[in-house]
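Chemist: Dropping a structure here in structure tokens format, bear with me for questions.
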Amino acid sequence: MYFKDLSSSLATLNQALRIRKKLYDENPSSNGYRNVVECYCIIAHVHYDLGNNTESGKCLKTALEVGTDCDQERSLAHGLISLELLYYLNADENMYMTLLESCLPVIKENYKSLLSIVYLGLGSKQVESGKYEAGLASFHEALAIELQVTLESNFAIRLTTVSGYITMVETLFNIEKFKLAGKAIDRAFQIAESLRIPEVDGQHLGIFRCYYWKGRIQIEMHEYMTAIDSLKCALLQLSKILHEFSDTFDVFECHSAIATAYFFVGYYKDSLTSFYDALSVIKYLFPEGSENEAEVYVAVAKVAQEMKNKTLEVSNLRFGYKMHSKVLGENHSKTEISYIAYVRALMGQGNSLPYNRHTK
């Protein structure tokens, strides 16, 4: 029904666009220009929601071509369309950069609070496309913007900026730029703290993710005890965020990360407890089994090996092998590795698997 309603709305929107274009052609004005551009953007959104990304992109490109004698109006409209392209439509990067150059002066002068969002999104996009140096440069541009500019912006912009920084952290984490990721999460924390307004949705989820990623970064920097503190702070947010989002995979990852930190400081019993917590979450999420469940079994086996608990080690390697076989197939490389580890442990030769920091 939702898609049927969207499809039927396109005819109405296109009719509205024809009327607005006719009025603007007959009597050019700033309001008329904005009305036409706005209509193109709305139609682009509808196409995007329908999965018509090509048509959506065409609408935004056409919006860019609408003429006006007012340079500031044009530049502002281009700035808003730039954000649409970056955050909703997986736009062509070259087109986006050309567009950004035209609107950046107006954004810097009148909409400074949007700058962080622009650079954060652009940087993530550039890194994901393999342009690491350009992406890192964009991230540095975001960090160079005065914090006070963001803190003085409205709630929605601050919330979006926090999300942008967390995306930046994830991107940097994946390419092992942990020090820069640490700076980014500190900035995200400073902004997230300003969102602590009672009865406002979204704030606790942002704070949870800040603590979570801070802990993940601290593990990579071998700061295991401080990582445990950060991750436990993340878990304290649980009662406040479970009503805000239904996907508890973040909870699984948080327990897994705590277990990892405990392992590296030799607190094996605490590590087991956290892995069992992670196991209960992933079983709830995927009752038919998953690769993540298999990886937890393998991690538990490694902890058991350090504890000299052969029975626990062998049983969990068997669980890991069985689950890998179920979800990946007998011939998958991970299935073969877990099977070899299981057989070696069964024969008393020890587990040849290295400890994996990540259960994903």
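Just so we're on the same page: first chain in the structure tokens is A, next is B, and so on; residues restart at 1 for each chain, and ligands are numbered from 1 in the order they show up.
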According to DSSP computed on the backbone, where in region 138-228 of chain A is there helix (DSSP H, G or I)? Give the residues as a ChimeraX atom specification.
Modeler: /A:138-144,147-151,155-174,178-193,203-220,224-228
Chemist: One decimal, in Å: what's the spacing between CA of Leu100 (chain A) and CA of Gly79 (chain A)?
Modeler: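 Going from CA of Leu100 (chain A) over to CA of Gly79 (chain A), I get 6.8 Å.
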Chemist: Pick from A:Thr273, A:Asn174, A:Ser113, A:Ser230: nearest to Phe189 (chain A), with only C-alpha atoms counted?
Modeler: A:Ser230
Chemist: Looking at only C-alpha atoms, which of A:Ile191, A:Leu238, A:Glu176, A:Leu120 is the one that sits closest to Gly164 (chain A)?
Modeler: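 That would be A:Leu120, the residue with the smallest distance to Gly164 (chain A).
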Chemist: Which one is closest to His204 (chain A): A:Leu236, A:Phe139, A:Lys108, A:Lys179? Count only C-alpha atoms.
Modeler: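 Of all the options, A:Leu236 lies closest to His204 (chain A).
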Chemist: Could you check which of A:Val251, A:Ile228, A:Ile117, A:Leu235 is closest to Val265 (chain A), using only C-alpha atoms?
Modeler: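 Smallest distance to Val265 (chain A) is found for A:Ile228.
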Chemist: Any idea what's packed within 8 Å of Arg20 (chain A), counting only C-alpha atoms, ignoring anything in its chain fewer than 6 positions away? Could you give it as a ChimeraX atom specification?
Modeler: /A:32,35-36
Chemist: How would the residues just picked look written out with N, CA and C atoms as a PDB file, in the first residue's frame?
Modeler:
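New file out-v5.pdb:
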```
ATOM      1  N   GLY A  32       9.558  31.970  -6.460  1.00  0.00           N
ATOM      2  CA  GLY A  32       9.228  31.054  -7.545  1.00  0.00           C
ATOM      3  C   GLY A  32      10.355  30.064  -7.798  1.00  0.00           C
ATOM      4  N   ASN A  35      10.394  27.488  -5.043  1.00  0.00           N
ATOM      5  CA  ASN A  35       9.260  26.560  -5.185  1.00  0.00           C
ATOM      6  C   ASN A  35       9.539  25.472  -6.213  1.00  0.00           C
ATOM      7  N   VAL A  36      10.145  25.873  -7.355  1.00  0.00           N
ATOM      8  CA  VAL A  36      10.452  24.897  -8.398  1.00  0.00           C
ATOM      9  C   VAL A  36      11.515  23.902  -7.908  1.00  0.00           C
TER      10      VAL A  36
END
```
